[in-house]
Each structure stands twice: as C-alpha cells, then as structure tokens.
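As provided, start-v8.cif (mmCIF, C-alpha atoms) reads as follows.
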data_start
loop_
_atom_site.label_atom_id
_atom_site.label_comp_id
_atom_site.auth_asym_id
_atom_site.auth_seq_id
_atom_site.Cartn_x
_atom_site.Cartn_y
_atom_site.Cartn_z
CA MET A 20 -21.59 13.28 43.83
CA ARG A 21 -23.04 12.22 40.44
CA HIS A 22 -21.36 15.25 38.83
CA ILE A 23 -18.01 14.34 40.38
CA LEU A 24 -18.24 10.73 39.19
CA THR A 25 -19.22 11.81 35.70
CA SER A 26 -16.28 14.21 35.55
CA ALA A 27 -13.92 11.52 36.82
CA ALA A 28 -15.16 9.06 34.19
CA ALA A 29 -14.67 11.61 31.43
CA THR A 30 -11.15 12.35 32.65
CA LEU A 31 -10.35 8.64 32.76
CA ALA A 32 -11.63 8.16 29.21
CA LEU A 33 -9.33 10.91 27.96
CA CYS A 34 -6.37 9.27 29.68
CA LEU A 35 -7.00 5.80 28.20
CA PRO A 36 -4.98 4.76 25.12
CA LEU A 37 -6.87 5.25 21.88
CA GLN A 38 -7.18 1.52 21.26
CA ALA A 39 -9.07 1.08 24.56
CA GLN A 40 -11.80 3.52 23.53
CA ALA A 41 -14.75 2.81 21.27
CA GLN A 42 -13.59 3.39 17.71
CA ASP A 43 -14.98 3.62 14.23
CA ALA A 44 -13.91 5.21 10.97
CA SER A 45 -15.14 8.61 12.17
CA THR A 46 -12.86 8.65 15.23
CA VAL A 47 -10.93 11.94 15.05
CA LEU A 48 -7.18 11.57 15.44
CA ALA A 49 -6.18 15.17 14.74
CA THR A 50 -7.71 18.46 13.64
CA VAL A 51 -5.71 20.74 11.36
CA ASN A 52 -7.01 24.28 10.91
CA GLY A 53 -10.53 23.02 11.49
CA THR A 54 -10.24 19.92 9.24
CA ASP A 55 -10.57 16.55 10.96
CA ILE A 56 -8.25 13.66 10.18
CA THR A 57 -10.00 10.44 11.14
CA LEU A 58 -9.17 6.83 11.71
CA GLY A 59 -10.95 6.12 8.44
CA HIS A 60 -8.49 8.34 6.61
CA LEU A 61 -5.59 6.30 8.00
CA ILE A 62 -7.20 2.97 7.16
CA ALA A 63 -7.88 4.09 3.58
CA LEU A 64 -4.32 5.36 3.21
CA ARG A 65 -2.86 2.14 4.58
CA GLY A 66 -4.77 0.11 1.99
CA ARG A 67 -2.99 1.90 -0.85
CA LEU A 68 0.55 1.77 0.56
CA PRO A 69 3.25 -0.31 -1.20
CA ALA A 70 3.90 -3.74 0.29
CA GLN A 71 7.14 -2.73 2.03
CA TYR A 72 5.30 -0.14 4.13
CA GLN A 73 2.50 -2.57 4.98
CA GLN A 74 5.07 -4.65 6.85
CA LEU A 75 6.08 -1.89 9.27
CA PRO A 76 5.17 -2.34 12.95
CA ASP A 77 1.68 -1.02 13.69
CA ASP A 78 2.87 1.81 15.95
CA VAL A 79 5.39 3.02 13.38
CA LEU A 80 2.87 2.74 10.55
CA PHE A 81 0.14 4.51 12.53
CA GLN A 82 2.28 7.47 13.53
CA GLY A 83 3.92 7.76 10.14
CA MET A 84 0.60 7.89 8.31
CA LEU A 85 -0.89 10.36 10.77
CA ASP A 86 2.13 12.64 10.40
CA GLN A 87 1.86 12.38 6.61
CA LEU A 88 -1.83 13.29 6.56
CA ILE A 89 -1.24 16.23 8.91
CA GLN A 90 1.55 17.51 6.68
CA GLN A 91 -0.59 17.06 3.58
CA GLN A 92 -3.45 19.00 5.17
CA VAL A 93 -1.13 21.83 6.19
CA LEU A 94 0.04 22.08 2.58
CA THR A 95 -3.50 21.75 1.24
CA ASP A 96 -4.62 24.70 3.37
CA VAL A 97 -2.11 27.03 1.71
CA ALA A 98 -2.60 25.67 -1.82
CA GLU A 99 -4.67 27.70 -4.25
CA PRO A 100 -6.26 25.20 -6.62
CA GLY A 101 -7.01 26.40 -10.12
CA PRO A 102 -9.19 25.04 -12.93
CA ALA A 103 -6.50 22.53 -13.95
CA ASP A 104 -6.40 21.11 -10.43
CA GLU A 105 -10.16 20.59 -10.35
CA ILE A 106 -10.05 18.77 -13.68
CA TRP A 107 -7.16 16.63 -12.48
CA LEU A 108 -9.07 15.73 -9.31
CA GLU A 109 -12.11 14.75 -11.38
CA ASN A 110 -9.93 12.41 -13.43
CA GLU A 111 -8.36 10.94 -10.31
CA ARG A 112 -11.76 10.31 -8.73
CA ARG A 113 -13.03 8.71 -11.94
CA ALA A 114 -9.95 6.50 -12.24
CA TYR A 115 -10.11 5.42 -8.59
CA LEU A 116 -13.79 4.46 -8.69
CA ALA A 117 -13.39 2.72 -12.05
CA GLY A 118 -10.45 0.76 -10.69
CA ARG A 119 -12.42 -0.31 -7.65
CA ALA A 120 -15.29 -1.43 -9.88
CA LEU A 121 -12.87 -3.48 -11.99
CA GLU A 122 -11.48 -5.16 -8.88
CA GLU A 123 -14.98 -6.12 -7.75
CA ILE A 124 -15.91 -7.50 -11.18
CA ALA A 125 -12.68 -9.52 -11.38
CA ALA A 126 -12.99 -10.89 -7.86
CA GLY A 127 -16.59 -11.97 -8.42
CA ALA A 128 -15.75 -13.78 -11.64
CA VAL A 129 -13.42 -16.40 -10.19
CA ASP A 130 -14.95 -19.55 -8.81
CA GLU A 131 -14.03 -23.20 -9.18
CA ALA A 132 -16.60 -23.84 -11.91
CA ALA A 133 -15.33 -20.96 -14.05
CA VAL A 134 -11.70 -22.01 -13.65
CA GLN A 135 -12.55 -25.64 -14.46
CA ALA A 136 -14.46 -24.56 -17.58
CA ALA A 137 -11.48 -22.50 -18.73
CA TYR A 138 -9.16 -25.46 -18.11
CA ASP A 139 -11.40 -27.85 -20.04
CA GLU A 140 -11.65 -25.45 -22.97
CA ALA A 141 -7.89 -24.98 -23.13
CA TYR A 142 -6.72 -28.55 -22.54
CA ALA A 143 -9.56 -31.06 -22.99
CA ASP A 144 -8.46 -31.91 -26.54
CA ALA A 145 -4.77 -31.20 -26.07
CA GLU A 146 -2.50 -33.69 -27.78
CA PRO A 147 0.72 -34.76 -26.04
CA GLN A 148 3.64 -32.63 -27.15
CA THR A 149 7.17 -33.85 -27.67
CA GLU A 150 9.80 -32.10 -25.57
CA PHE A 151 13.52 -32.26 -26.22
CA ASN A 152 16.58 -32.24 -24.02
CA ALA A 153 19.55 -31.11 -26.06
CA SER A 154 23.03 -29.63 -25.89
CA HIS A 155 24.77 -27.54 -28.51
CA ILE A 156 28.07 -26.00 -29.44
CA LEU A 157 27.85 -22.56 -31.07
CA VAL A 158 30.62 -21.24 -33.32
CA GLU A 159 30.91 -18.44 -35.87
CA THR A 160 31.54 -20.29 -39.14
CA GLU A 161 30.45 -23.46 -40.91
CA GLU A 162 34.09 -24.56 -41.16
CA ALA A 163 34.50 -24.31 -37.39
CA ALA A 164 31.30 -26.29 -36.93
CA GLN A 165 32.55 -29.01 -39.28
CA GLU A 166 35.73 -29.25 -37.22
CA ILE A 167 33.62 -29.66 -34.07
CA VAL A 168 31.64 -32.49 -35.68
CA ALA A 169 34.89 -34.22 -36.67
CA ARG A 170 36.25 -33.97 -33.13
CA ILE A 171 33.07 -35.44 -31.62
CA GLU A 172 32.98 -38.26 -34.18
CA ALA A 173 36.63 -38.97 -33.36
CA GLY A 174 35.62 -39.66 -29.76
CA GLU A 175 36.04 -36.38 -27.90
CA ASP A 176 33.50 -35.65 -25.17
CA PHE A 177 30.78 -33.29 -26.35
CA ALA A 178 30.54 -31.40 -23.05
CA GLU A 179 34.30 -30.86 -22.87
CA VAL A 180 34.41 -29.55 -26.44
CA ALA A 181 31.48 -27.24 -25.65
CA ARG A 182 33.30 -25.79 -22.64
CA GLU A 183 36.38 -25.20 -24.77
CA ALA A 184 34.93 -23.99 -28.06
CA SER A 185 31.31 -22.82 -27.73
CA THR A 186 30.67 -19.08 -27.90
CA GLY A 187 27.13 -19.46 -26.52
CA PRO A 188 26.12 -18.80 -22.90
CA SER A 189 25.56 -22.53 -22.34
CA GLY A 190 29.17 -23.33 -23.17
CA PRO A 191 30.49 -23.29 -19.57
CA ASN A 192 27.69 -25.75 -18.70
CA GLY A 193 28.81 -28.21 -21.36
CA GLY A 194 26.34 -26.83 -23.89
CA MET A 195 23.31 -28.08 -21.95
CA LEU A 196 20.04 -26.36 -22.94
CA GLY A 197 17.71 -28.42 -20.77
CA TRP A 198 14.15 -29.28 -21.77
CA PHE A 199 12.28 -27.25 -24.39
CA GLY A 200 9.16 -27.67 -26.47
CA LYS A 201 7.74 -26.46 -29.73
CA GLY A 202 8.20 -22.76 -30.38
CA MET A 203 10.88 -22.25 -27.75
CA MET A 204 13.82 -22.35 -30.16
CA VAL A 205 14.40 -20.58 -33.47
CA PRO A 206 12.86 -22.50 -36.40
CA ALA A 207 16.04 -23.88 -37.98
CA PHE A 208 17.26 -25.21 -34.62
CA GLU A 209 13.87 -26.71 -33.79
CA GLU A 210 13.54 -28.36 -37.21
CA ALA A 211 16.96 -29.96 -36.88
CA VAL A 212 16.24 -31.34 -33.41
CA ALA A 213 12.88 -32.75 -34.51
CA THR A 214 14.61 -34.99 -37.10
CA MET A 215 17.23 -36.39 -34.71
CA GLU A 216 17.36 -39.55 -32.64
CA PRO A 217 18.46 -39.39 -28.99
CA GLY A 218 22.21 -39.73 -28.63
CA THR A 219 23.03 -38.48 -32.13
CA ILE A 220 24.96 -35.42 -33.29
CA SER A 221 23.66 -33.06 -36.00
CA ALA A 222 25.41 -31.70 -39.04
CA PRO A 223 26.15 -27.96 -38.70
CA VAL A 224 22.94 -25.92 -38.41
CA GLU A 225 22.88 -22.23 -39.25
CA THR A 226 20.72 -19.69 -37.36
CA GLN A 227 20.95 -15.94 -36.88
CA PHE A 228 23.23 -16.63 -33.88
CA GLY A 229 25.87 -18.58 -35.81
CA TRP A 230 26.52 -22.26 -36.53
CA HIS A 231 25.36 -24.98 -34.14
CA VAL A 232 26.40 -28.56 -33.58
CA ILE A 233 23.55 -30.18 -31.68
CA LYS A 234 23.43 -33.28 -29.52
CA LEU A 235 19.96 -34.62 -28.73
CA ASN A 236 20.14 -36.14 -25.27
CA GLU A 237 16.58 -37.46 -24.86
CA THR A 238 12.93 -36.79 -25.62
CA ARG A 239 9.68 -37.11 -23.69
CA GLU A 240 5.97 -36.73 -24.29
CA LYS A 241 4.24 -34.11 -22.17
CA GLY A 242 0.46 -34.07 -21.86
CA ALA A 243 -1.87 -31.39 -20.54
CA PRO A 244 -0.56 -29.59 -17.44
CA GLU A 245 -2.11 -30.19 -14.05
CA MET A 246 -4.70 -27.64 -12.97
CA SER A 247 -2.39 -26.43 -10.20
CA GLU A 248 0.32 -25.58 -12.75
CA VAL A 249 -1.88 -23.21 -14.75
CA ARG A 250 -4.42 -22.04 -12.16
CA ALA A 251 -3.04 -18.49 -11.92
CA GLU A 252 -3.06 -18.14 -15.72
CA LEU A 253 -6.62 -19.51 -15.95
CA GLU A 254 -7.90 -17.25 -13.17
CA ALA A 255 -6.43 -14.22 -14.93
CA GLU A 256 -8.09 -15.32 -18.18
CA VAL A 257 -11.47 -15.74 -16.45
CA GLN A 258 -11.13 -12.33 -14.83
CA ASN A 259 -10.15 -10.61 -18.09
CA GLU A 260 -13.09 -12.13 -19.95
CA ALA A 261 -15.50 -11.12 -17.17
CA VAL A 262 -14.16 -7.57 -17.09
CA GLU A 263 -14.36 -7.19 -20.87
CA ALA A 264 -17.90 -8.58 -20.96
CA GLU A 265 -19.08 -6.32 -18.15
CA ILE A 266 -17.50 -3.21 -19.66
CA ALA A 267 -19.19 -4.03 -22.98
CA ARG A 268 -22.54 -4.55 -21.22
CA LEU A 269 -22.28 -1.32 -19.25
CA THR A 270 -21.17 0.64 -22.30
CA ASP A 271 -24.00 -0.74 -24.42
CA SER A 272 -26.59 0.11 -21.78
CA ALA A 273 -25.19 3.58 -20.99
CA GLU A 274 -26.60 6.75 -22.49
CA ILE A 275 -23.57 8.06 -24.38
CA THR A 276 -23.56 11.09 -26.67
CA ARG A 277 -20.36 11.96 -28.51
CA SER A 278 -19.84 15.52 -29.64
CA ALA A 279 -19.96 16.19 -33.36
CA ALA A 280 -17.48 19.05 -33.02
CA GLU A 281 -14.35 18.78 -35.13
CA ILE A 282 -11.35 18.76 -32.79
CA ASP A 283 -7.72 18.80 -33.86
CA PRO A 284 -6.19 15.84 -31.96
CA ALA A 285 -3.01 17.88 -31.38
CA VAL A 286 -4.93 20.13 -29.00
CA VAL A 287 -4.54 17.56 -26.20
CA ARG A 288 -0.95 18.83 -25.87
CA ASP A 289 -2.05 22.40 -25.17
CA ASP A 290 -1.79 22.60 -21.35
CA ALA A 291 -2.58 26.31 -21.42
CA LEU A 292 -6.22 25.49 -22.16
CA LEU A 293 -6.61 24.11 -18.65
CA GLU A 294 -6.10 27.55 -17.14
CA ASN A 295 -8.88 29.17 -19.19
#
Would you encode the structure as structure tokens?
Amino acid sequence: MRHILTSAAATLALCLPLQAQAQDASTVLATVNGTDITLGHLIALRGRLPAQYQQLPDDVLFQGMLDQLIQQQVLTDVAEPGPADEIWLENERRAYLAGRALEEIAAGAVDEAAVQAAYDEAYADAEPQTEFNASHILVETEEAAQEIVARIEAGEDFAEVAREASTGPSGPNGGMLGWFGKGMMVPAFEEAVATMEPGTISAPVETQFGWHVIKLNETREKGAPEMSEVRAELEAEVQNEAVEAEIARLTDSAEITRSAAEIDPAVVRDDALLEN
C-alpha cells in the first residue's frame, strides 16, 4: 500500500504545473543532448532583455526564452570553437563581470548625504543669473534688417513682421525664442540682449546665421535650482566620482606587470593571429 501511495504521489507531482512544484534556480526545464537548461538560465536571460521584451506576458516570455535557449544549445552542440572563440569568450566574461562590479559600485555610492553634498558644492555659492525672454526677426542682409527696424518703429506689430519676413525657424511663431540664459545663444546675440531694456528693439545684429532684429520681452533673475530639478544629474555625478575613485584604488593596489616587448600597434588589426 505504501508503495502504491508513493507511486501515486510521484505521478501527481509530474502532472502538476511547474509553478506548483518546489522551484529554485537549478530546476531543469529542458535537457538538450545531455545539457540541462534551468530556471536560473531563463531568469538570467530575462534580466538582460531589452525593455520591450520585459513587458511581454509571463507565459509568452517564459516559452520564448526557453525556445531560444534550446535553439542556442542545439547550435552550440554543432559549433566547433577555435582559439579566436575562446579569446572572445574570455573578453566577454571579463566585460560582463567588470560591468556588474561597476553597477554595484555606482549603486552603493548614492545616498541622500552624498547627493546633498554634491548639491551644496555645486550651488551653495551660486549667484542669481539673469534670464531673458526675447523674440527676433532673422534676415539675410543688413539692409533688410534696417528695413525691419524702420517698419517696427513706424508702428507695425513685431510678431506679424516676424511671421512675414523672418527666415528663422521661430518666424511662424512670431519670432518668439522663449526664456534663455547665459551661454545659450551665440555671443553677439547674447551681448546685444544683455544691453537692452525690456520692450525695446535692437539695431541690426550680425551672427553667423544672418542679421537679427531683436525684441527683448522681459527678464527675470533665476537662483539655484531646486534639488528635485537636478537630482538625476547629481546622482550621476556622485556615481561617476565613486566609480573613478574605486577603479583608481583597485588599480593602484593590483599587482600589474606590463610587458616590455615592442609591439607595432597596427598588429591589433591582424585577425589571422587569433587562429594561430
């Protein structure tokens, strides 16, 4: 009776869906010519898939990855790796493990204190910066620009003239450039705007794009950005600094011997050497 019950339990276990059985990374999902493909292989593969595949339904993703690994193993079994393949695999393994180490270093570097310190260093002494809201009309010659100035001074609407005459991409929008700060415009344009009063029109200004007639709409003073506005930039900075520091530390503490052999740098293009 015990033997019958044991056999029945084993049969039932085989009939249960995979997700109802005890699972771990070593759970075998398929065996191809004696090589096991495990649940761990699928999980590792899923972690490196592009985002669009990550969004597939679980059943579709599971079966698709299993089919892919089976097909890869079938092809692997008939492949005949040579010296070049072994070298390539060594490089791939090195790159993968190095990349994982970099991810761990970067992730461990970001905490609130580090981000706050980076923010304070970047913006603690930041002076308010003047920003400008301006419109312009771009034409090809100084004479054309002078004519534009005369029309505006005679009472024509700046935006309407811009729509009619400006060759710049902002023309259809009445010449509006929106808000900009220091360094966002070419020097001659920026210098002209900085000397203007809101509501005034400039004399023709030449840049590499042509001749501009500028209207300064308004100005404002902008102080340091809020932490939330620059958090992503600061976190990336903290991570980069941590990675560079750790690479330097590891390199300094490693036992590294560089060959004294004289090598012609052009030899790196000789793929035939890999087959020797």
Quiz item: Taking all atoms listed in the file into account, which of A:Ser247, A:Gln165, A:Ser154, A:Thr226 comes nearest Asn192 (chain A)?
Solution: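 Using all atoms listed in the file, the shortest distance to Asn192 (chain A) belongs to A:Ser154.
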Need the shell around Thr57 (chain A): protein/DNA/RNA residues with any atom at most 7 Å away, counting only C-alpha atoms. Skip same-chain ones fewer than 2 positions apart. Format as a PDB file with C-alpha atoms, in the frame of the given file?
ATOM      1  CA  ALA A  44     -13.910   5.210  10.970  1.00  0.00           C
ATOM      2  CA  SER A  45     -15.140   8.610  12.170  1.00  0.00           C
ATOM      3  CA  THR A  46     -12.860   8.650  15.230  1.00  0.00           C
ATOM      4  CA  VAL A  47     -10.930  11.940  15.050  1.00  0.00           C
ATOM      5  CA  LEU A  48      -7.180  11.570  15.440  1.00  0.00           C
ATOM      6  CA  ASP A  55     -10.570  16.550  10.960  1.00  0.00           C
ATOM      7  CA  GLY A  59     -10.950   6.120   8.440  1.00  0.00           C
ATOM      8  CA  HIS A  60      -8.490   8.340   6.610  1.00  0.00           C
ATOM      9  CA  LEU A  61      -5.590   6.300   8.000  1.00  0.00           C
TER      10      LEU A  61
END
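Atom pair CA of Glu179 (chain A) / CA of Gly197 (chain A) has a distance of 16.9 Å (rounded to one decimal).
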Self-check item: Neighbour list for Asn236 (chain A) as a list in words, cut-off 9 Å, all atoms listed in the file, skip fewer than 4 positions in-chain
Solution: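 With the cut-off at 9 Å, the set is Phe151, Asn152, Ala153, Ser154, Glu216, Pro217, Gly218 and Thr219 of chain A.
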Residues from last step as file, C-alpha atoms, as a compact mmCIF listing (two decimals), in the frame of the given file:
# COMPACT_ATOMS: atom_id res chain seq x y z
CA PHE A 151 13.52 -32.26 -26.22
CA ASN A 152 16.58 -32.24 -24.02
CA ALA A 153 19.55 -31.11 -26.06
CA SER A 154 23.03 -29.63 -25.89
CA GLU A 216 17.36 -39.55 -32.64
CA PRO A 217 18.46 -39.39 -28.99
CA GLY A 218 22.21 -39.73 -28.63
CA THR A 219 23.03 -38.48 -32.13
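Remark: for Phe81 (chain A), the closest of the candidate residues A:Glu294, A:Glu172, A:Ile156, A:Arg65 is A:Arg65 (distances computed over only C-alpha atoms).
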Practice problem: Kindly resolve the PyMOL selection byres ((chain A and resi 208) around 10) on the present coordinates and return the residues as a ChimeraX atom specification. | Solution: /A:155,203-207,209-213,224-226,230-233
Exercise. Kindly give the distance, in Å, that separates CA of Glu111 (chain A) and CA of Arg67 (chain A), rounded to a single decimal.
Key: 14.1 Å
Exercise. Would you kindly translate the PyMOL selection byres ((chain A and resi 133) around 12) into the concrete residues it picks from this file, as an MDAnalysis selection string?
Key: chainID A and resid 127:132 134:140 250 253:258 260:261
Expected selection from the PyMOL selection byres ((chain A and resi 265-279) around 12), given as a PDB file with C-alpha atoms, keeping the file's coordinate frame:
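As a result, out.pdb now contains:
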ATOM      1  CA  ALA A 117     -13.390   2.720 -12.050  1.00  0.00           C
ATOM      2  CA  ALA A 120     -15.290  -1.430  -9.880  1.00  0.00           C
ATOM      3  CA  LEU A 121     -12.870  -3.480 -11.990  1.00  0.00           C
ATOM      4  CA  GLU A 123     -14.980  -6.120  -7.750  1.00  0.00           C
ATOM      5  CA  ILE A 124     -15.910  -7.500 -11.180  1.00  0.00           C
ATOM      6  CA  ALA A 125     -12.680  -9.520 -11.380  1.00  0.00           C
ATOM      7  CA  GLY A 127     -16.590 -11.970  -8.420  1.00  0.00           C
ATOM      8  CA  ALA A 128     -15.750 -13.780 -11.640  1.00  0.00           C
ATOM      9  CA  GLN A 258     -11.130 -12.330 -14.830  1.00  0.00           C
ATOM     10  CA  ASN A 259     -10.150 -10.610 -18.090  1.00  0.00           C
ATOM     11  CA  GLU A 260     -13.090 -12.130 -19.950  1.00  0.00           C
ATOM     12  CA  ALA A 261     -15.500 -11.120 -17.170  1.00  0.00           C
ATOM     13  CA  VAL A 262     -14.160  -7.570 -17.090  1.00  0.00           C
ATOM     14  CA  GLU A 263     -14.360  -7.190 -20.870  1.00  0.00           C
ATOM     15  CA  ALA A 264     -17.900  -8.580 -20.960  1.00  0.00           C
ATOM     16  CA  ALA A 280     -17.480  19.050 -33.020  1.00  0.00           C
ATOM     17  CA  GLU A 281     -14.350  18.780 -35.130  1.00  0.00           C
ATOM     18  CA  ILE A 282     -11.350  18.760 -32.790  1.00  0.00           C
TER      19      ILE A 282
END
Quiz prompt | Contact residues around Glu166 (chain A) with all atoms listed in the file at 12 Å, ignoring same-chain residues under 4 positions, as a list in words | solution = Ile156, Val158, Glu159, Thr160, Glu161, Glu162, Arg170, Ile171, Glu172, Ala173, Glu175, Val180, Ala184, Ala222, Pro223, Trp230, His231 and Val232 of chain A
